[in-house]
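Q: What follows is entry_1.txt, made up of compact mmCIF, C-alpha atoms:
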# COMPACT_ATOMS: atom_id res chain seq x y z
CA MET S 1 65.59 100.71 141.59
CA LYS S 2 64.79 101.81 138.07
CA SER S 3 62.06 100.38 135.91
CA PRO S 4 63.09 97.10 134.26
CA PHE S 5 61.72 98.31 130.93
CA PRO S 6 64.03 100.15 128.50
CA GLY S 7 61.25 102.53 127.45
CA MET S 8 57.72 103.07 128.71
CA ASP S 9 56.80 100.85 131.65
CA PRO S 10 53.30 99.43 130.95
CA TYR S 11 52.83 98.69 134.66
CA LEU S 12 52.58 102.43 135.36
CA GLU S 13 49.19 102.78 133.66
CA PRO S 14 47.05 101.73 136.70
CA HIS S 15 48.83 104.55 138.58
CA TRP S 16 48.22 107.09 135.84
CA LEU S 17 46.74 109.84 138.02
CA ASP S 18 49.97 110.14 140.02
CA VAL S 19 52.22 109.49 137.01
CA HIS S 20 50.42 112.13 134.95
CA GLY S 21 50.94 114.76 137.63
CA SER S 22 54.66 113.99 137.71
CA LEU S 23 54.97 114.13 133.91
CA ILE S 24 53.34 117.57 133.81
CA TYR S 25 55.50 119.02 136.58
CA LEU S 26 58.80 117.50 135.42
CA THR S 27 58.23 118.52 131.80
CA LYS S 28 57.31 122.06 132.78
CA VAL S 29 60.48 122.43 134.87
CA ALA S 30 62.72 120.99 132.14
CA LEU S 31 61.23 123.19 129.41
CA GLN S 32 61.46 126.33 131.53
CA ARG S 33 65.26 126.12 131.27
CA GLN S 34 65.08 126.16 127.45
CA LEU S 35 62.58 128.98 126.92
CA GLY S 36 64.66 132.07 127.55
CA ASP S 37 63.27 135.21 129.17
CA ASP S 38 60.13 135.94 127.15
CA LEU S 39 58.43 132.52 127.07
CA VAL S 40 56.99 130.77 130.13
CA ALA S 41 55.56 127.29 130.70
CA ARG S 42 52.46 126.98 132.87
CA GLY S 43 50.51 124.00 134.16
CA GLU S 44 46.81 124.42 133.38
CA GLU S 45 43.78 122.21 133.98
CA ARG S 46 40.28 121.46 132.73
CA LEU S 47 37.44 119.76 134.57
CA ILE S 48 35.71 116.70 133.18
CA VAL S 49 32.77 114.73 134.54
CA GLU S 50 33.23 110.98 134.91
CA ARG S 51 30.01 109.08 134.24
CA PRO S 52 29.38 106.23 136.72
CA ASP S 53 28.48 103.80 133.90
CA PHE S 54 31.98 104.07 132.37
CA LYS S 55 35.04 102.42 133.89
CA PRO S 56 33.83 101.66 137.42
CA ARG S 57 37.31 101.32 138.90
CA SER S 58 38.30 104.65 140.40
CA ARG S 59 41.51 106.45 139.51
CA TYR S 60 41.09 109.01 142.28
CA SER S 61 40.12 108.98 145.91
CA ASP S 62 36.59 109.79 146.97
CA VAL S 63 34.26 109.58 149.97
CA ARG S 64 30.74 108.18 150.10
CA VAL S 65 28.14 108.47 152.86
CA VAL S 66 25.39 105.86 152.56
CA GLU S 67 22.11 105.37 154.35
CA HIS S 68 21.34 101.81 155.46
CA GLY S 69 17.60 101.50 154.96
CA HIS S 70 14.88 103.39 156.82
CA PHE S 71 14.84 104.04 160.54
CA GLY S 72 11.78 103.26 162.61
CA SER S 73 9.59 100.19 163.12
CA PRO S 74 10.31 97.08 161.02
CA VAL S 75 7.98 96.62 158.05
CA THR S 76 6.09 93.33 157.72
CA ALA S 77 4.49 91.99 154.54
CA PRO S 78 0.83 90.84 154.60
CA SER S 79 2.11 87.26 154.62
CA GLY S 80 3.95 87.92 157.86
CA VAL S 81 7.40 87.87 156.28
CA ALA S 82 9.72 90.69 157.34
CA VAL S 83 10.62 93.05 154.46
CA ALA S 84 14.35 93.32 153.79
CA GLU S 85 15.99 96.70 154.35
CA PRO S 86 17.60 98.06 151.15
CA LEU S 87 20.92 99.87 150.93
CA ILE S 88 20.26 103.39 149.64
CA PHE S 89 22.96 105.36 147.90
CA ASP S 90 23.37 107.94 145.16
CA LEU S 91 25.35 107.53 141.94
CA VAL S 92 27.15 110.84 141.58
CA THR S 93 28.98 112.16 138.55
CA GLU S 94 32.03 113.93 139.90
CA PRO S 95 34.24 116.44 138.13
CA ILE S 96 37.95 115.59 138.06
CA SER S 97 40.75 117.75 136.76
CA GLN S 98 43.09 117.00 133.87
CA ARG S 99 46.32 118.95 133.65
CA PHE S 100 48.28 120.02 130.61
CA ILE S 101 51.06 122.49 129.80
CA GLU S 102 50.77 125.80 127.99
CA ILE S 103 53.78 127.74 126.77
CA ARG S 104 52.94 131.44 126.71
CA ASP S 105 54.55 134.53 125.19
CA ALA S 106 55.18 136.98 128.03
CA THR S 107 55.75 139.85 125.58
CA THR S 108 52.21 139.65 124.16
CA GLY S 109 50.22 139.48 127.37
CA GLY S 110 50.47 135.73 127.73
CA ARG S 111 49.37 134.56 124.27
CA VAL S 112 49.41 130.75 124.09
CA ILE S 113 52.13 129.48 121.74
CA THR S 114 52.15 125.73 122.41
CA VAL S 115 49.97 123.21 124.25
CA ILE S 116 51.48 119.94 125.50
CA GLU S 117 49.12 117.08 126.38
CA PHE S 118 50.02 113.80 128.04
CA VAL S 119 46.91 111.95 126.94
CA SER S 120 44.94 110.22 129.71
CA PRO S 121 42.79 107.09 129.41
CA SER S 122 39.72 109.25 130.13
CA ASN S 123 40.47 111.18 126.91
CA LYS S 124 40.17 107.88 125.03
CA GLN S 125 36.88 106.64 126.50
CA PRO S 126 33.30 107.70 125.60
CA GLY S 127 32.23 110.61 127.75
CA ASP S 128 33.08 114.16 128.72
CA GLY S 129 36.84 113.55 128.76
CA ARG S 130 36.91 112.59 125.08
CA VAL S 131 34.53 115.41 124.09
CA GLN S 132 36.64 118.05 125.81
CA TYR S 133 39.86 116.66 124.40
CA ARG S 134 38.53 116.81 120.84
CA ARG S 135 37.38 120.38 121.50
CA LYS S 136 40.89 121.27 122.67
CA GLN S 137 42.39 119.80 119.50
CA ASN S 138 40.07 121.88 117.31
CA GLU S 139 40.72 125.04 119.32
CA CYS S 140 44.48 124.67 118.84
CA ILE S 141 44.14 124.17 115.09
CA ASP S 142 41.68 127.06 114.68
CA ALA S 143 43.84 129.42 116.78
CA ARG S 144 47.07 128.29 115.05
CA VAL S 145 48.57 127.07 118.32
CA ASN S 146 51.20 124.33 118.33
CA LEU S 147 49.87 121.09 119.80
CA VAL S 148 52.07 118.30 121.16
CA GLU S 149 50.20 115.08 121.99
CA ILE S 150 52.03 112.34 123.91
CA ASP S 151 50.09 109.10 124.39
CA LEU S 152 51.81 106.76 126.86
CA THR S 153 48.69 104.76 127.80
CA ARG S 154 47.12 101.77 126.05
CA GLU S 155 43.59 101.77 127.43
CA GLY S 156 40.81 103.10 125.20
CA GLN S 157 40.67 104.32 121.63
CA ARG S 158 43.53 106.57 120.55
CA GLU S 159 42.39 110.19 119.98
CA LEU S 160 45.42 111.92 118.46
CA LEU S 161 45.22 114.33 115.53
CA VAL S 162 46.68 111.59 113.35
CA THR S 163 44.52 108.47 112.98
CA GLU S 164 45.78 104.91 112.86
CA LEU S 165 44.39 104.58 109.32
CA GLU S 166 46.88 107.25 108.21
CA LEU S 167 49.91 105.52 109.70
CA PRO S 168 52.19 102.93 108.08
CA PRO S 169 52.19 99.53 109.84
CA ASP S 170 55.51 100.09 111.65
CA TYR S 171 54.04 103.19 113.33
CA LEU S 172 51.14 101.28 114.91
CA THR S 173 53.06 101.07 118.17
CA PRO S 174 51.56 100.76 121.69
CA PHE S 175 52.54 104.38 122.41
CA LEU S 176 52.73 107.36 120.08
CA ALA S 177 53.42 111.09 119.97
CA CYS S 178 52.01 113.57 117.47
CA VAL S 179 52.97 117.21 116.84
CA PHE S 180 50.98 119.86 114.99
CA ARG S 181 52.95 122.97 114.05
CA ALA S 182 51.00 126.20 113.75
CA THR S 183 53.50 127.53 111.20
CA TRP S 184 52.65 124.89 108.63
CA GLN S 185 50.39 126.06 105.84
CA LYS S 186 48.99 122.54 105.42
CA VAL S 187 46.72 122.00 108.43
CA GLY S 188 46.72 118.23 107.84
CA ARG S 189 50.51 117.91 108.18
CA LYS S 190 51.72 116.28 111.40
CA GLU S 191 54.93 114.98 112.92
CA VAL S 192 54.60 111.47 114.36
CA TYR S 193 56.98 109.68 116.73
CA ARG S 194 56.65 105.91 116.98
CA ILE S 195 57.09 104.54 120.51
CA PRO S 196 57.40 100.74 120.69
CA LEU S 197 57.34 98.99 124.06
CA THR S 198 60.73 97.41 123.42
CA GLU S 199 62.70 100.59 122.71
CA ARG S 200 63.88 103.66 124.58
CA LEU S 201 61.42 106.53 124.51
CA PRO S 202 62.47 109.24 122.03
CA ALA S 203 63.50 112.84 122.59
CA ILE S 204 60.92 114.90 120.70
CA ARG S 205 60.81 118.45 119.34
CA ILE S 206 58.53 121.00 121.00
CA PRO S 207 57.69 123.80 118.53
CA LEU S 208 57.59 127.38 119.78
CA ARG S 209 57.28 130.63 117.80
CA ALA S 210 58.34 130.69 114.15
CA GLU S 211 61.57 132.53 114.99
CA ASP S 212 62.49 130.23 117.90
CA PRO S 213 64.48 126.99 117.77
CA ASP S 214 62.52 123.98 118.95
CA ALA S 215 62.72 122.99 122.59
CA ILE S 216 63.59 119.34 123.18
CA ARG S 217 61.95 116.97 125.65
CA ASP S 218 63.56 113.61 126.31
CA LEU S 219 60.55 111.44 127.13
CA GLN S 220 62.69 108.67 128.57
CA SER S 221 64.22 110.94 131.18
CA VAL S 222 60.82 112.23 132.29
CA ILE S 223 59.46 108.67 132.67
CA ASP S 224 62.57 107.59 134.56
CA ASP S 225 62.25 110.56 136.92
CA ALA S 226 58.51 109.96 137.42
CA TYR S 227 59.16 106.28 138.20
CA GLU S 228 61.86 107.13 140.72
CA SER S 229 59.96 109.97 142.41
CA GLY S 230 56.87 107.77 142.75
CA ARG S 231 58.97 104.87 144.18
CA TYR S 232 57.01 102.46 142.02
CA ASP S 233 59.66 99.75 142.41
CA ARG S 234 58.25 99.29 145.94
CA THR S 235 54.61 98.83 144.96
CA ILE S 236 54.42 97.31 141.46
CA ASN S 237 54.13 93.53 141.35
CA TYR S 238 55.80 92.53 138.09
CA ALA S 239 54.86 88.88 138.67
CA LEU S 240 51.31 89.77 137.59
CA PRO S 241 50.19 90.52 134.01
CA ALA S 242 50.15 94.16 132.93
CA THR S 243 46.86 96.08 133.01
CA PRO S 244 45.49 96.46 130.38
CA PRO S 245 46.89 93.22 128.92
CA LEU S 246 49.79 93.38 126.47
CA SER S 247 49.61 91.89 122.99
CA ASP S 248 50.82 88.28 122.80
CA GLU S 249 54.12 89.33 121.23
CA ASP S 250 54.79 92.11 123.74
CA ALA S 251 53.70 89.88 126.64
CA ARG S 252 56.26 87.20 125.65
CA TRP S 253 58.97 89.85 125.34
CA ALA S 254 58.04 91.40 128.71
CA ASP S 255 58.05 87.99 130.41
CA GLN S 256 61.58 87.28 129.18
CA LEU S 257 62.73 90.74 130.25
CA LEU S 258 61.24 90.49 133.74
CA ARG S 259 62.60 86.99 134.29
CA ALA S 260 66.07 88.08 133.25
CA ASP S 261 65.81 91.05 135.63
CA GLY S 262 64.70 88.81 138.52
CA ARG S 263 61.25 90.43 138.82
CA ARG S 264 59.54 87.08 138.06
Render the structure in this file as C-alpha cells.
A:
Amino acid sequence: MKSPFPGMDPYLEPHWLDVHGSLIYLTKVALQRQLGDDLVARGEERLIVERPDFKPRSRYSDVRVVEHGHFGSPVTAPSGVAVAEPLIFDLVTEPISQRFIEIRDATTGGRVITVIEFVSPSNKQPGDGRVQYRRKQNECIDARVNLVEIDLTREGQRELLVTELELPPDYLTPFLACVFRATWQKVGRKEVYRIPLTERLPAIRIPLRAEDPDAIRDLQSVIDDAYESGRYDRTINYALPATPPLSDEDARWADQLLRADGRR
C-alpha cells in the first residue's frame, strides 16, 4: 500500500534514519541518469557526536554493557542496615554518520559542483549536528558551490539558508526546500519551494554548472519509493497521533484523511 498522504507523510519522521538513507540513494540514482558523461553524483558522509543530554530517544541501534554493583562481600552500614548496590554505567557520546550527495565534475579532478542535503532533525537541535551543518552551509557559499537543502522533518528549529523571518506567511509551511545557486552574484538570493502537508511534494530544480541545464528531482516520487521500499504500511499505526504533533489545523485535516482512507 502507498502512503495515505498526498505529499510528505508526517508518520515517517520517527523512522528518519532509514528514510534518510533511502532518500540519499534513490536521489543519487535518479540524478545519475540526468548528468551526462562528465558529472557524477556521490553519496558522502560526515560524523557528528550526539550528546546524551539531548533527545534521549535513540534513532540508531547501539549496545551497552553495564556493571551491576561491586562484587565481593555485602557492605553493611554502621546501623546494621545493608547498603544498596548501585547500577554503574557510562554515558557515552557516540559519533553517528549523516549522509548527503555531492555532484562532482569528472573533467576537473572531481571538483564539487552541487551539494544536496536532506536535513535531519539532528541538524536542527543544539549540538554538534547543528554546528557542522552551519559550517557546511558556509563552506558551500564561500567556495561558490550550489547548495540544495530539503527539509522534510518538523522536529527542531529550521536551519536553512533562508530564515522564517524572510519568508511570506504562505511559505511558512511544515516542510520547505531552499536552493543557493553559485552563479548568482547576489549571495543572499535563494530559491524557496513551499511544501504544505496537504499538497503533493514539488519537483525542484537542481543547479549544476553555469553551462548545464538544471537537473530535476521530483520529491514526491522519491518519498513514494522510500515509503514502498521501507514497507512502512506494515509498521506505521495511523490510529495514533503523529510524532512530533501536528498543528491543530493539520491534525484535523489528517484525521479526516485517515478516516476516509480507513486507517482510523
Q: Please report, as a Markdown table, each residue of stretch 72-182 of chain S lying at most 12 Å from stretch 224-248 of chain S, together with the nearest pair of atoms and the separation in Å rounded to one decimal; use only C-alpha atoms, and order rows by chain and ascending residue number.
A:
| residue | atom | partner | partner_atom | distance |
| --- | --- | --- | --- | --- |
| S:Pro121 | CA | S:Pro244 | CA | 11.0 |
| S:Thr153 | CA | S:Pro244 | CA | 9.3 |
| S:Arg154 | CA | S:Pro244 | CA | 7.0 |
| S:Glu155 | CA | S:Pro244 | CA | 6.4 |
| S:Gly156 | CA | S:Pro244 | CA | 9.6 |
| S:Thr173 | CA | S:Ser247 | CA | 10.9 |
| S:Pro174 | CA | S:Leu246 | CA | 9.0 |
Q: Just want the 10 Å neighbourhood of S:Asp170, counted on only C-alpha atoms, with same-chain residues fewer than 2 positions away dropped. Output as a list in words.
A: Leu167, Pro168, Leu172, Thr173, Arg194 and Pro196 of chain S
Q: Once you have the residues from the selection above, write them out as a short mmCIF file (atom, residue, chain, number, x, y, z; two decimals), in the frame of the given file, restricted to C-alpha atoms.
A:
data_model
loop_
_atom_site.label_atom_id
_atom_site.label_comp_id
_atom_site.auth_asym_id
_atom_site.auth_seq_id
_atom_site.Cartn_x
_atom_site.Cartn_y
_atom_site.Cartn_z
CA LEU S 167 49.91 105.52 109.70
CA PRO S 168 52.19 102.93 108.08
CA LEU S 172 51.14 101.28 114.91
CA THR S 173 53.06 101.07 118.17
CA ARG S 194 56.65 105.91 116.98
CA PRO S 196 57.40 100.74 120.69
#
Q: Counting only C-alpha atoms, which of S:Met1, S:Ala260, S:Leu147, S:Met8 gets nearest to S:Arg205?
A: S:Leu147
Q: Taking into account all atoms listed in the file, which residue in the set S:Val81, S:Leu257, S:Arg217, S:Phe175 is nearest to S:Gln32?
A: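 So, comparing all the options, the nearest one is S:Arg217.
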Q: If we count only C-alpha atoms, what is near S:Leu152 at a cut-off of 10 Å, once residues fewer than 2 positions away on the same chain are taken out, given as a ChimeraX atom specification?
A: /S:8-10,12-13,16,20,118-121,149-150,154-155,174-177,195,197,201,219,223
Q: Show me a table, sorted first by chain and then by increasing residue number, of the residues of stretch 171-234 of chain S having an atom at most 12 Å from stretch 132-139 of chain S, each with its shortest atom pair and the distance in Å to one decimal, counting only C-alpha atoms and written as CSV.
A:
residue,atom,partner,partner_atom,distance
S:Cys178,CA,S:Gln137,CA,11.6
S:Val179,CA,S:Gln137,CA,11.2
S:Phe180,CA,S:Gln137,CA,9.7
S:Ala182,CA,S:Glu139,CA,11.7
S:Val187,CA,S:Asn138,CA,11.1
Q: Report the distance between atom CA of S:Pro14 and atom CA of S:Gln98 in Å, rounded to one decimal place.
A: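 Separating atom CA of S:Pro14 from atom CA of S:Gln98 is a distance of 16.0 Å.
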Q: May I ask for the distance between atom CA of S:Asp142 and atom CA of S:Gly129, given in Å to one decimal place?
A: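 Computing it gives 20.1 Å between the two atoms.
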Q: Within 10 Å of S:Ala215, counting all atoms listed in the file, which residues qualify if same-chain residues fewer than 2 places away don't, as a ChimeraX atom specification?
A: /S:30-35,204-208,212-213,217
Q: By how many Å are atom CA of S:Arg189 and atom CA of S:Leu161 apart?
A: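 Atom-to-atom, atom CA of S:Arg189 to atom CA of S:Leu161, that is 9.7 Å.
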Q: Excluding S:Asp218 and its own-chain neighbours fewer than 2 positions away, which residues fall within 8 Å of it when counting all atoms listed in the file? Please give them as a compact mmCIF listing (two decimals) with C-alpha atoms, keeping the file's coordinate frame.
A:
# COMPACT_ATOMS: atom_id res chain seq x y z
CA LEU S 201 61.42 106.53 124.51
CA PRO S 202 62.47 109.24 122.03
CA ALA S 203 63.50 112.84 122.59
CA ILE S 204 60.92 114.90 120.70
CA ILE S 216 63.59 119.34 123.18
CA GLN S 220 62.69 108.67 128.57
CA SER S 221 64.22 110.94 131.18
CA VAL S 222 60.82 112.23 132.29
Q: Find the residues around S:Thr107 up to 10 Å (only C-alpha atoms counted), leave out those fewer than 4 positions away in its own chain, and share them as a ChimeraX atom specification.
A: /S:37-39,111
Q: Considering only C-alpha atoms, can you say which of S:Arg252, S:Arg181, S:Arg42, S:Lys190 comes closest to S:Val112?
A: S:Arg42
Q: I need the residue nearest S:Arg99 from this list: S:Gln256, S:Ser3, S:Thr114, S:Ser22. Use only C-alpha atoms for the distance.
A: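 Smallest distance to S:Arg99 is found for S:Ser22.
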